[in-house]
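Before any comments, here is the structure.
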There are 2 protein chains.
Amino acid sequence: MDAANPIIRALDAAGYRVTSPRRSLADLVIDLDGHFTASELAAAGRQRGLRIGRATLFRALELMIELGVVERLDMPSGEHTYVACAPAHHHHVVCSRCGRTAEVADAGLAGAVRDIERQSGFRIDAHRLELFGLCRHCLARASDKRP
Amino acid sequence: MDAANPIIRALDAAGYRVTSPRRSLADLVIDLDGHFTASELAAAGRQRGLRIGRATLFRALELMIELGVVERLDMPSGEHTYVACAPAHHHHVVCSRCGRTAEVADAGLAGAVRDIERQSGFRIDAHRLELFGLCRHCLARASDKRP
DNA sequence: GTGATGTTGAGACTGAGTCTCGACAAGAGA
DNA sequence: TCTCTTGTCGAGACTCAGTCTCAACATCAC
């Protein structure tokens, strides 16, 4: 078993069978390093010579989301993408140029959510924050080009 | 012209033609009062005897989003829904029981976003916060039932 | 090694959203 | 009021993400 892959470990710990399609997909997800769509994942699998059915791919993604090791993001374009992450509450910052993602802690958000509860009269059970911008890398490259 | 409808007003102000399908859809959106999916909007139109093509409906929604009078929300289920709103930066709280929505101001979020910029090294250009919970109404009903 | 059962892949299906194209209607200008 | 330009319309075919079903297969506890 590929114990180095946290997705496989999570799968195993939760009592799910560690099958070879799941192992391959977990490796792919880790290797993709950044956000990816379901079809990008399928294409990456095909490139490695894997023959994995669409249903299996979606089932595996669903499972990973359930285990908290993958999260679904909704891009401003309306596209659904997925990203590997640690199974704790956090948010994602996505670079709109290169697609790199970073996880950030909740930090000051809890206070803002409490304000919103007071303001709206709702009891807030869940929230989702997605942030879009430029990563360090792309920022540097952008300022290089600007004289 | 139905100047009472803010969507129509925005359409007109932006120089778009105020056609009868757009007028009908704008009225529907205002009347729906809460979030709705594209197919719910189509169904509501059919119920009123309107004959509006799917393409027209999506085009009108896209236009309303562009004008900032409608916003697209991504529900935790992955479903895309739309909601009428004021054309200023704000966020939505959605009641996960009855579907009622409320707009809330950015409030303390700006500070949290600045923290996240510092923490991640990204320059954040846009963000999206969606909040899910129970509205005043459903909260009251829930506590009524619990003895 | 064996058997129960969880998982797989193929392929049909669904439903949201897009694209194309000829027809139509809003609205500016005469 | 009439005419003409052009933005918008509806129909319908299309695409693509995601779901469902089912027989076959592989995992893993015993």
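Within each chain, counting starts at residue 1; across the structure tokens, chains are named A, B, ... in the order shown, with ligands numbered 1 upward in that order.
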What does chain A look like after a least-squares fit onto chain B on every Cα paired in order, written as a short mmCIF file (atom, residue, chain, number, x, y, z; two decimals) with N, CA and C atoms, in the first residue's frame?
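Written output follows (selection_20.cif):
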```cif
data_model
loop_
_atom_site.label_atom_id
_atom_site.label_comp_id
_atom_site.auth_asym_id
_atom_site.auth_seq_id
_atom_site.Cartn_x
_atom_site.Cartn_y
_atom_site.Cartn_z
N MET A 1 -43.21 51.22 -20.10
CA MET A 1 -42.12 50.47 -19.45
C MET A 1 -42.37 50.30 -17.96
N ASP A 2 -42.07 49.12 -17.45
CA ASP A 2 -42.30 48.83 -16.05
C ASP A 2 -41.13 49.38 -15.22
N ALA A 3 -41.16 50.72 -14.98
CA ALA A 3 -40.04 51.37 -14.32
C ALA A 3 -39.90 50.94 -12.86
N ALA A 4 -40.95 50.25 -12.33
CA ALA A 4 -40.89 49.81 -10.94
C ALA A 4 -39.95 48.62 -10.79
N ASN A 5 -39.69 47.93 -11.90
CA ASN A 5 -38.83 46.75 -11.83
C ASN A 5 -37.37 47.18 -12.00
N PRO A 6 -36.56 47.00 -10.96
CA PRO A 6 -35.18 47.48 -11.01
C PRO A 6 -34.35 46.79 -12.09
N ILE A 7 -34.74 45.56 -12.45
CA ILE A 7 -33.99 44.86 -13.49
C ILE A 7 -34.21 45.53 -14.83
N ILE A 8 -35.48 45.87 -15.09
CA ILE A 8 -35.81 46.58 -16.34
C ILE A 8 -35.09 47.93 -16.38
N ARG A 9 -35.10 48.62 -15.25
CA ARG A 9 -34.43 49.92 -15.20
C ARG A 9 -32.95 49.78 -15.53
N ALA A 10 -32.32 48.74 -14.93
CA ALA A 10 -30.89 48.53 -15.15
C ALA A 10 -30.62 48.21 -16.62
N LEU A 11 -31.50 47.40 -17.19
CA LEU A 11 -31.39 46.99 -18.59
C LEU A 11 -31.43 48.23 -19.49
N ASP A 12 -32.43 49.06 -19.22
CA ASP A 12 -32.65 50.26 -20.01
C ASP A 12 -31.48 51.22 -19.86
N ALA A 13 -31.03 51.39 -18.59
CA ALA A 13 -29.95 52.34 -18.32
C ALA A 13 -28.67 51.93 -19.03
N ALA A 14 -28.47 50.60 -19.20
CA ALA A 14 -27.25 50.11 -19.83
C ALA A 14 -27.35 50.13 -21.35
N GLY A 15 -28.50 50.55 -21.85
CA GLY A 15 -28.66 50.68 -23.29
C GLY A 15 -29.12 49.41 -24.00
N TYR A 16 -29.54 48.40 -23.22
CA TYR A 16 -30.06 47.18 -23.85
C TYR A 16 -31.53 47.37 -24.20
N ARG A 17 -31.98 46.68 -25.22
CA ARG A 17 -33.39 46.79 -25.60
C ARG A 17 -34.28 46.15 -24.55
N VAL A 18 -35.39 46.82 -24.29
CA VAL A 18 -36.33 46.27 -23.32
C VAL A 18 -37.40 45.52 -24.10
N THR A 19 -37.18 44.23 -24.28
CA THR A 19 -38.09 43.42 -25.09
C THR A 19 -39.09 42.72 -24.16
N SER A 20 -40.13 42.17 -24.75
CA SER A 20 -41.15 41.59 -23.89
C SER A 20 -40.68 40.31 -23.18
N PRO A 21 -39.86 39.45 -23.80
CA PRO A 21 -39.37 38.30 -23.02
C PRO A 21 -38.51 38.77 -21.83
N ARG A 22 -37.70 39.79 -22.06
CA ARG A 22 -36.85 40.28 -20.97
C ARG A 22 -37.69 40.87 -19.85
N ARG A 23 -38.76 41.59 -20.24
CA ARG A 23 -39.63 42.19 -19.25
C ARG A 23 -40.30 41.08 -18.41
N SER A 24 -40.81 40.06 -19.09
CA SER A 24 -41.48 38.96 -18.39
C SER A 24 -40.52 38.25 -17.44
N LEU A 25 -39.31 37.98 -17.94
CA LEU A 25 -38.34 37.28 -17.11
C LEU A 25 -37.96 38.13 -15.90
N ALA A 26 -37.79 39.42 -16.11
CA ALA A 26 -37.44 40.32 -15.00
C ALA A 26 -38.54 40.28 -13.94
N ASP A 27 -39.80 40.31 -14.38
CA ASP A 27 -40.91 40.25 -13.44
C ASP A 27 -40.89 38.94 -12.66
N LEU A 28 -40.67 37.85 -13.39
CA LEU A 28 -40.62 36.53 -12.75
C LEU A 28 -39.53 36.49 -11.68
N VAL A 29 -38.35 36.99 -12.04
CA VAL A 29 -37.21 36.94 -11.12
C VAL A 29 -37.55 37.69 -9.84
N ILE A 30 -38.17 38.88 -9.99
CA ILE A 30 -38.54 39.67 -8.81
C ILE A 30 -39.59 38.91 -7.99
N ASP A 31 -40.58 38.34 -8.70
CA ASP A 31 -41.67 37.64 -7.99
C ASP A 31 -41.20 36.38 -7.28
N LEU A 32 -40.16 35.73 -7.83
CA LEU A 32 -39.74 34.45 -7.26
C LEU A 32 -39.22 34.63 -5.84
N ASP A 33 -38.65 35.81 -5.53
CA ASP A 33 -38.28 36.16 -4.16
C ASP A 33 -37.52 35.02 -3.45
N GLY A 34 -36.27 34.92 -3.76
CA GLY A 34 -35.45 33.85 -3.18
C GLY A 34 -34.60 33.29 -4.30
N HIS A 35 -33.87 32.25 -4.05
CA HIS A 35 -33.03 31.73 -5.12
C HIS A 35 -33.80 30.72 -5.95
N PHE A 36 -33.40 30.58 -7.20
CA PHE A 36 -34.11 29.71 -8.13
C PHE A 36 -33.10 29.17 -9.15
N THR A 37 -33.39 27.99 -9.68
CA THR A 37 -32.55 27.45 -10.73
C THR A 37 -33.11 27.91 -12.08
N ALA A 38 -32.31 27.74 -13.12
CA ALA A 38 -32.75 28.13 -14.46
C ALA A 38 -34.03 27.38 -14.83
N SER A 39 -34.09 26.11 -14.45
CA SER A 39 -35.26 25.33 -14.85
C SER A 39 -36.50 25.73 -14.05
N GLU A 40 -36.30 26.16 -12.80
CA GLU A 40 -37.43 26.67 -12.02
C GLU A 40 -37.97 27.95 -12.67
N LEU A 41 -37.06 28.78 -13.14
CA LEU A 41 -37.48 30.02 -13.81
C LEU A 41 -38.27 29.69 -15.07
N ALA A 42 -37.78 28.72 -15.82
CA ALA A 42 -38.47 28.30 -17.04
C ALA A 42 -39.86 27.76 -16.71
N ALA A 43 -39.94 26.97 -15.64
CA ALA A 43 -41.23 26.39 -15.24
C ALA A 43 -42.20 27.49 -14.82
N ALA A 44 -41.70 28.46 -14.06
CA ALA A 44 -42.54 29.58 -13.62
C ALA A 44 -43.07 30.34 -14.83
N GLY A 45 -42.22 30.48 -15.84
CA GLY A 45 -42.64 31.17 -17.06
C GLY A 45 -43.74 30.40 -17.77
N ARG A 46 -43.56 29.07 -17.85
CA ARG A 46 -44.55 28.23 -18.52
C ARG A 46 -45.89 28.32 -17.78
N GLN A 47 -45.82 28.36 -16.45
CA GLN A 47 -47.03 28.43 -15.64
C GLN A 47 -47.82 29.71 -15.93
N ARG A 48 -47.10 30.76 -16.31
CA ARG A 48 -47.78 32.02 -16.62
C ARG A 48 -48.15 32.10 -18.11
N GLY A 49 -47.91 31.01 -18.80
CA GLY A 49 -48.29 30.98 -20.20
C GLY A 49 -47.29 31.66 -21.12
N LEU A 50 -46.08 31.94 -20.62
CA LEU A 50 -45.06 32.56 -21.47
C LEU A 50 -44.42 31.48 -22.33
N ARG A 51 -44.10 31.83 -23.56
CA ARG A 51 -43.37 30.89 -24.41
C ARG A 51 -42.00 31.47 -24.68
N ILE A 52 -41.07 31.15 -23.77
CA ILE A 52 -39.72 31.71 -23.86
C ILE A 52 -38.72 30.58 -24.08
N GLY A 53 -37.88 30.72 -25.08
CA GLY A 53 -36.91 29.68 -25.39
C GLY A 53 -35.82 29.57 -24.34
N ARG A 54 -35.24 28.38 -24.26
CA ARG A 54 -34.17 28.15 -23.28
C ARG A 54 -33.01 29.12 -23.51
N ALA A 55 -32.64 29.29 -24.77
CA ALA A 55 -31.51 30.16 -25.08
C ALA A 55 -31.78 31.57 -24.58
N THR A 56 -32.99 32.04 -24.81
CA THR A 56 -33.36 33.40 -24.39
C THR A 56 -33.27 33.53 -22.88
N LEU A 57 -33.74 32.51 -22.19
CA LEU A 57 -33.71 32.52 -20.74
C LEU A 57 -32.26 32.63 -20.23
N PHE A 58 -31.39 31.80 -20.79
CA PHE A 58 -30.00 31.83 -20.34
C PHE A 58 -29.32 33.14 -20.73
N ARG A 59 -29.67 33.63 -21.91
CA ARG A 59 -29.09 34.92 -22.34
C ARG A 59 -29.52 36.03 -21.39
N ALA A 60 -30.81 36.02 -21.01
CA ALA A 60 -31.33 37.05 -20.11
C ALA A 60 -30.65 36.96 -18.75
N LEU A 61 -30.48 35.73 -18.25
CA LEU A 61 -29.82 35.55 -16.94
C LEU A 61 -28.39 36.08 -17.00
N GLU A 62 -27.72 35.75 -18.10
CA GLU A 62 -26.33 36.17 -18.27
C GLU A 62 -26.24 37.70 -18.24
N LEU A 63 -27.21 38.32 -18.91
CA LEU A 63 -27.25 39.77 -18.98
C LEU A 63 -27.48 40.37 -17.59
N MET A 64 -28.41 39.78 -16.86
CA MET A 64 -28.72 40.28 -15.52
C MET A 64 -27.51 40.15 -14.60
N ILE A 65 -26.77 39.04 -14.76
CA ILE A 65 -25.57 38.85 -13.96
C ILE A 65 -24.55 39.92 -14.31
N GLU A 66 -24.41 40.17 -15.61
CA GLU A 66 -23.46 41.19 -16.08
C GLU A 66 -23.81 42.56 -15.50
N LEU A 67 -25.10 42.84 -15.40
CA LEU A 67 -25.56 44.13 -14.88
C LEU A 67 -25.52 44.17 -13.35
N GLY A 68 -25.27 43.01 -12.74
CA GLY A 68 -25.16 42.96 -11.28
C GLY A 68 -26.50 42.93 -10.56
N VAL A 69 -27.59 42.72 -11.28
CA VAL A 69 -28.91 42.69 -10.63
C VAL A 69 -29.34 41.26 -10.30
N VAL A 70 -28.59 40.30 -10.79
CA VAL A 70 -28.81 38.90 -10.43
C VAL A 70 -27.43 38.31 -10.15
N GLU A 71 -27.37 37.40 -9.19
CA GLU A 71 -26.08 36.78 -8.90
C GLU A 71 -26.24 35.27 -8.94
N ARG A 72 -25.19 34.59 -9.35
CA ARG A 72 -25.25 33.14 -9.35
C ARG A 72 -24.66 32.61 -8.05
N LEU A 73 -25.37 31.69 -7.42
CA LEU A 73 -24.88 31.05 -6.20
C LEU A 73 -24.61 29.59 -6.49
N ASP A 74 -23.64 29.03 -5.79
CA ASP A 74 -23.38 27.60 -5.91
C ASP A 74 -23.76 26.96 -4.60
N MET A 75 -24.81 26.18 -4.62
CA MET A 75 -25.27 25.53 -3.40
C MET A 75 -24.31 24.42 -3.01
N PRO A 76 -24.32 24.03 -1.72
CA PRO A 76 -23.42 22.97 -1.29
C PRO A 76 -23.61 21.68 -2.08
N SER A 77 -24.81 21.48 -2.62
CA SER A 77 -25.09 20.28 -3.40
C SER A 77 -24.42 20.33 -4.77
N GLY A 78 -23.88 21.49 -5.15
CA GLY A 78 -23.26 21.62 -6.47
C GLY A 78 -24.19 22.25 -7.48
N GLU A 79 -25.44 22.42 -7.08
CA GLU A 79 -26.46 23.02 -7.95
C GLU A 79 -26.15 24.52 -8.16
N HIS A 80 -26.41 25.00 -9.37
CA HIS A 80 -26.29 26.43 -9.63
C HIS A 80 -27.65 27.08 -9.43
N THR A 81 -27.73 28.10 -8.62
CA THR A 81 -28.99 28.83 -8.50
C THR A 81 -28.71 30.31 -8.72
N TYR A 82 -29.79 31.06 -8.95
CA TYR A 82 -29.66 32.49 -9.21
C TYR A 82 -30.50 33.23 -8.18
N VAL A 83 -30.14 34.47 -7.92
CA VAL A 83 -30.91 35.27 -6.97
C VAL A 83 -30.84 36.75 -7.36
N ALA A 84 -31.98 37.44 -7.29
CA ALA A 84 -32.01 38.87 -7.59
C ALA A 84 -31.34 39.62 -6.46
N CYS A 85 -30.61 40.69 -6.76
CA CYS A 85 -29.93 41.42 -5.71
C CYS A 85 -29.57 42.83 -6.16
N ALA A 86 -29.13 43.63 -5.21
CA ALA A 86 -28.72 45.00 -5.52
C ALA A 86 -27.34 44.97 -6.18
N PRO A 87 -27.07 45.88 -7.12
CA PRO A 87 -25.81 45.85 -7.85
C PRO A 87 -24.64 46.45 -7.09
N ALA A 88 -24.41 46.00 -5.85
CA ALA A 88 -23.24 46.46 -5.09
C ALA A 88 -22.59 45.22 -4.49
N HIS A 89 -21.31 45.31 -4.13
CA HIS A 89 -20.63 44.14 -3.60
C HIS A 89 -21.23 43.71 -2.27
N HIS A 90 -21.62 42.47 -2.16
CA HIS A 90 -22.24 41.95 -0.95
C HIS A 90 -22.18 40.43 -1.01
N HIS A 91 -22.75 39.79 -0.01
CA HIS A 91 -22.78 38.33 -0.01
C HIS A 91 -24.18 37.85 0.31
N HIS A 92 -24.41 36.58 0.08
CA HIS A 92 -25.74 36.03 0.32
C HIS A 92 -25.75 34.99 1.43
N VAL A 93 -26.79 35.07 2.26
CA VAL A 93 -27.06 34.02 3.24
C VAL A 93 -28.28 33.28 2.72
N VAL A 94 -28.19 31.98 2.65
CA VAL A 94 -29.27 31.18 2.09
C VAL A 94 -29.83 30.25 3.16
N CYS A 95 -31.13 30.27 3.32
CA CYS A 95 -31.75 29.35 4.28
C CYS A 95 -31.82 27.97 3.64
N SER A 96 -31.22 27.00 4.30
CA SER A 96 -31.13 25.68 3.66
C SER A 96 -32.45 24.92 3.78
N ARG A 97 -33.41 25.48 4.54
CA ARG A 97 -34.70 24.80 4.61
C ARG A 97 -35.69 25.39 3.60
N CYS A 98 -35.93 26.71 3.65
CA CYS A 98 -36.99 27.28 2.81
C CYS A 98 -36.45 28.01 1.57
N GLY A 99 -35.15 28.22 1.51
CA GLY A 99 -34.59 28.83 0.31
C GLY A 99 -34.57 30.35 0.33
N ARG A 100 -35.12 30.95 1.39
CA ARG A 100 -35.09 32.40 1.52
C ARG A 100 -33.64 32.88 1.50
N THR A 101 -33.38 34.03 0.90
CA THR A 101 -32.01 34.56 0.92
C THR A 101 -32.00 35.95 1.52
N ALA A 102 -30.85 36.37 2.03
CA ALA A 102 -30.69 37.74 2.50
C ALA A 102 -29.33 38.23 2.03
N GLU A 103 -29.26 39.52 1.75
CA GLU A 103 -27.97 40.09 1.36
C GLU A 103 -27.31 40.65 2.61
N VAL A 104 -26.01 40.47 2.72
CA VAL A 104 -25.29 41.08 3.84
C VAL A 104 -24.08 41.82 3.31
N ALA A 105 -23.73 42.88 4.01
CA ALA A 105 -22.60 43.71 3.57
C ALA A 105 -21.29 42.99 3.85
N ASP A 106 -20.23 43.50 3.28
CA ASP A 106 -18.92 42.90 3.41
C ASP A 106 -18.41 42.92 4.86
N ALA A 107 -18.73 44.00 5.56
CA ALA A 107 -18.40 44.17 6.98
C ALA A 107 -16.95 43.82 7.29
N GLY A 108 -16.74 42.91 8.22
CA GLY A 108 -15.40 42.62 8.71
C GLY A 108 -14.56 41.77 7.78
N LEU A 109 -15.13 41.42 6.64
CA LEU A 109 -14.45 40.47 5.76
C LEU A 109 -13.18 41.06 5.15
N ALA A 110 -13.22 42.36 4.86
CA ALA A 110 -12.08 42.99 4.20
C ALA A 110 -10.80 42.76 5.01
N GLY A 111 -10.91 42.87 6.33
CA GLY A 111 -9.76 42.65 7.19
C GLY A 111 -9.27 41.22 7.10
N ALA A 112 -10.21 40.29 7.08
CA ALA A 112 -9.86 38.87 7.00
C ALA A 112 -9.15 38.59 5.67
N VAL A 113 -9.64 39.23 4.60
CA VAL A 113 -9.02 39.02 3.29
C VAL A 113 -7.59 39.55 3.29
N ARG A 114 -7.39 40.69 3.94
CA ARG A 114 -6.03 41.25 4.01
C ARG A 114 -5.10 40.29 4.76
N ASP A 115 -5.61 39.71 5.84
CA ASP A 115 -4.84 38.71 6.60
C ASP A 115 -4.43 37.56 5.69
N ILE A 116 -5.41 37.10 4.89
CA ILE A 116 -5.17 35.95 4.02
C ILE A 116 -4.12 36.30 2.96
N GLU A 117 -4.17 37.53 2.46
CA GLU A 117 -3.16 37.98 1.48
C GLU A 117 -1.77 37.86 2.09
N ARG A 118 -1.64 38.36 3.32
CA ARG A 118 -0.34 38.34 3.99
C ARG A 118 0.11 36.90 4.19
N GLN A 119 -0.83 36.08 4.63
CA GLN A 119 -0.54 34.69 4.98
C GLN A 119 -0.13 33.87 3.75
N SER A 120 -0.79 34.11 2.61
CA SER A 120 -0.63 33.24 1.45
C SER A 120 0.36 33.78 0.42
N GLY A 121 0.61 35.08 0.48
CA GLY A 121 1.49 35.69 -0.53
C GLY A 121 0.76 35.98 -1.83
N PHE A 122 -0.52 35.68 -1.92
CA PHE A 122 -1.31 35.97 -3.12
C PHE A 122 -1.76 37.43 -3.08
N ARG A 123 -1.98 38.02 -4.27
CA ARG A 123 -2.70 39.28 -4.31
C ARG A 123 -4.14 38.92 -4.66
N ILE A 124 -5.06 39.18 -3.77
CA ILE A 124 -6.44 38.73 -3.97
C ILE A 124 -7.25 39.81 -4.67
N ASP A 125 -7.79 39.43 -5.83
CA ASP A 125 -8.55 40.39 -6.65
C ASP A 125 -10.06 40.23 -6.46
N ALA A 126 -10.49 39.03 -6.15
CA ALA A 126 -11.92 38.79 -6.03
C ALA A 126 -12.15 37.71 -4.99
N HIS A 127 -13.29 37.75 -4.37
CA HIS A 127 -13.62 36.66 -3.45
C HIS A 127 -15.11 36.41 -3.50
N ARG A 128 -15.47 35.23 -3.04
CA ARG A 128 -16.88 34.89 -3.02
C ARG A 128 -17.18 34.18 -1.72
N LEU A 129 -18.13 34.73 -1.00
CA LEU A 129 -18.50 34.13 0.28
C LEU A 129 -19.97 33.76 0.21
N GLU A 130 -20.27 32.50 0.49
CA GLU A 130 -21.66 32.07 0.54
C GLU A 130 -21.91 31.45 1.90
N LEU A 131 -23.04 31.82 2.49
CA LEU A 131 -23.34 31.36 3.84
C LEU A 131 -24.64 30.57 3.84
N PHE A 132 -24.68 29.48 4.55
CA PHE A 132 -25.86 28.61 4.58
C PHE A 132 -26.29 28.38 6.02
N GLY A 133 -27.58 28.39 6.26
CA GLY A 133 -28.07 28.17 7.62
C GLY A 133 -29.58 28.21 7.66
N LEU A 134 -30.12 28.65 8.78
CA LEU A 134 -31.58 28.72 8.93
C LEU A 134 -31.99 30.18 9.14
N CYS A 135 -33.05 30.59 8.44
CA CYS A 135 -33.55 31.95 8.60
C CYS A 135 -34.36 32.06 9.88
N ARG A 136 -34.66 33.28 10.29
CA ARG A 136 -35.45 33.59 11.48
C ARG A 136 -36.71 32.71 11.55
N HIS A 137 -37.43 32.70 10.40
CA HIS A 137 -38.67 31.94 10.26
C HIS A 137 -38.51 30.46 10.61
N CYS A 138 -37.57 29.83 9.91
CA CYS A 138 -37.38 28.38 10.07
C CYS A 138 -36.82 28.06 11.44
N LEU A 139 -36.01 28.97 11.97
CA LEU A 139 -35.47 28.80 13.32
C LEU A 139 -36.62 28.75 14.33
N ALA A 140 -37.56 29.71 14.17
CA ALA A 140 -38.70 29.79 15.09
C ALA A 140 -39.54 28.52 15.00
N ARG A 141 -39.77 28.08 13.75
CA ARG A 141 -40.59 26.90 13.56
C ARG A 141 -39.90 25.67 14.16
N ALA A 142 -38.57 25.60 13.99
CA ALA A 142 -37.82 24.46 14.51
C ALA A 142 -37.89 24.43 16.03
N SER A 143 -37.81 25.60 16.68
CA SER A 143 -37.83 25.61 18.15
C SER A 143 -39.24 25.38 18.68
N ASP A 144 -40.28 25.71 17.87
CA ASP A 144 -41.67 25.40 18.26
C ASP A 144 -41.86 23.90 18.39
N LYS A 145 -41.30 23.19 17.41
CA LYS A 145 -41.51 21.74 17.36
C LYS A 145 -40.76 21.01 18.45
N ARG A 146 -39.58 21.57 18.81
CA ARG A 146 -38.80 20.93 19.87
C ARG A 146 -39.42 21.30 21.22
N PRO A 147 -39.92 20.36 22.04
CA PRO A 147 -40.61 20.70 23.29
C PRO A 147 -39.64 21.15 24.38
#
```
Next on the checklist: When DSSP is applied to the backbone of this structure, which of chain A are assigned strand (DSSP E)? Write them out as JSON, numbers by chain.
Outcome noted: {"A": [70, 71, 72, 73, 74, 80, 81, 82, 83, 84, 91, 92, 93, 94, 95, 101, 102, 103, 104, 123, 124, 125, 126, 127, 128, 129, 130, 131, 132, 133, 134]}
Checklist entry - Using only C-alpha atoms (C1' of nucleotides), which residues sit within 9 Å of range 18-25 of chain C once same-chain residues fewer than 5 positions away are excluded, as a ChimeraX atom specification? => result /B:19,55 /D:8-9,13-15
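Interface residues of chain D facing chain A, defined by any atom at most 9 Å away and using only C-alpha atoms (C1' of nucleotides), are DA17, DG18, DT19, DA26, DT27 and DC28 of chain D.
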Checklist entry - How would you write, as a PyMOL selection string, the set of residues in range 64-105 of chain A that DSSP gives as helix (DSSP H, G or I)? => result chain A and resi 64-67
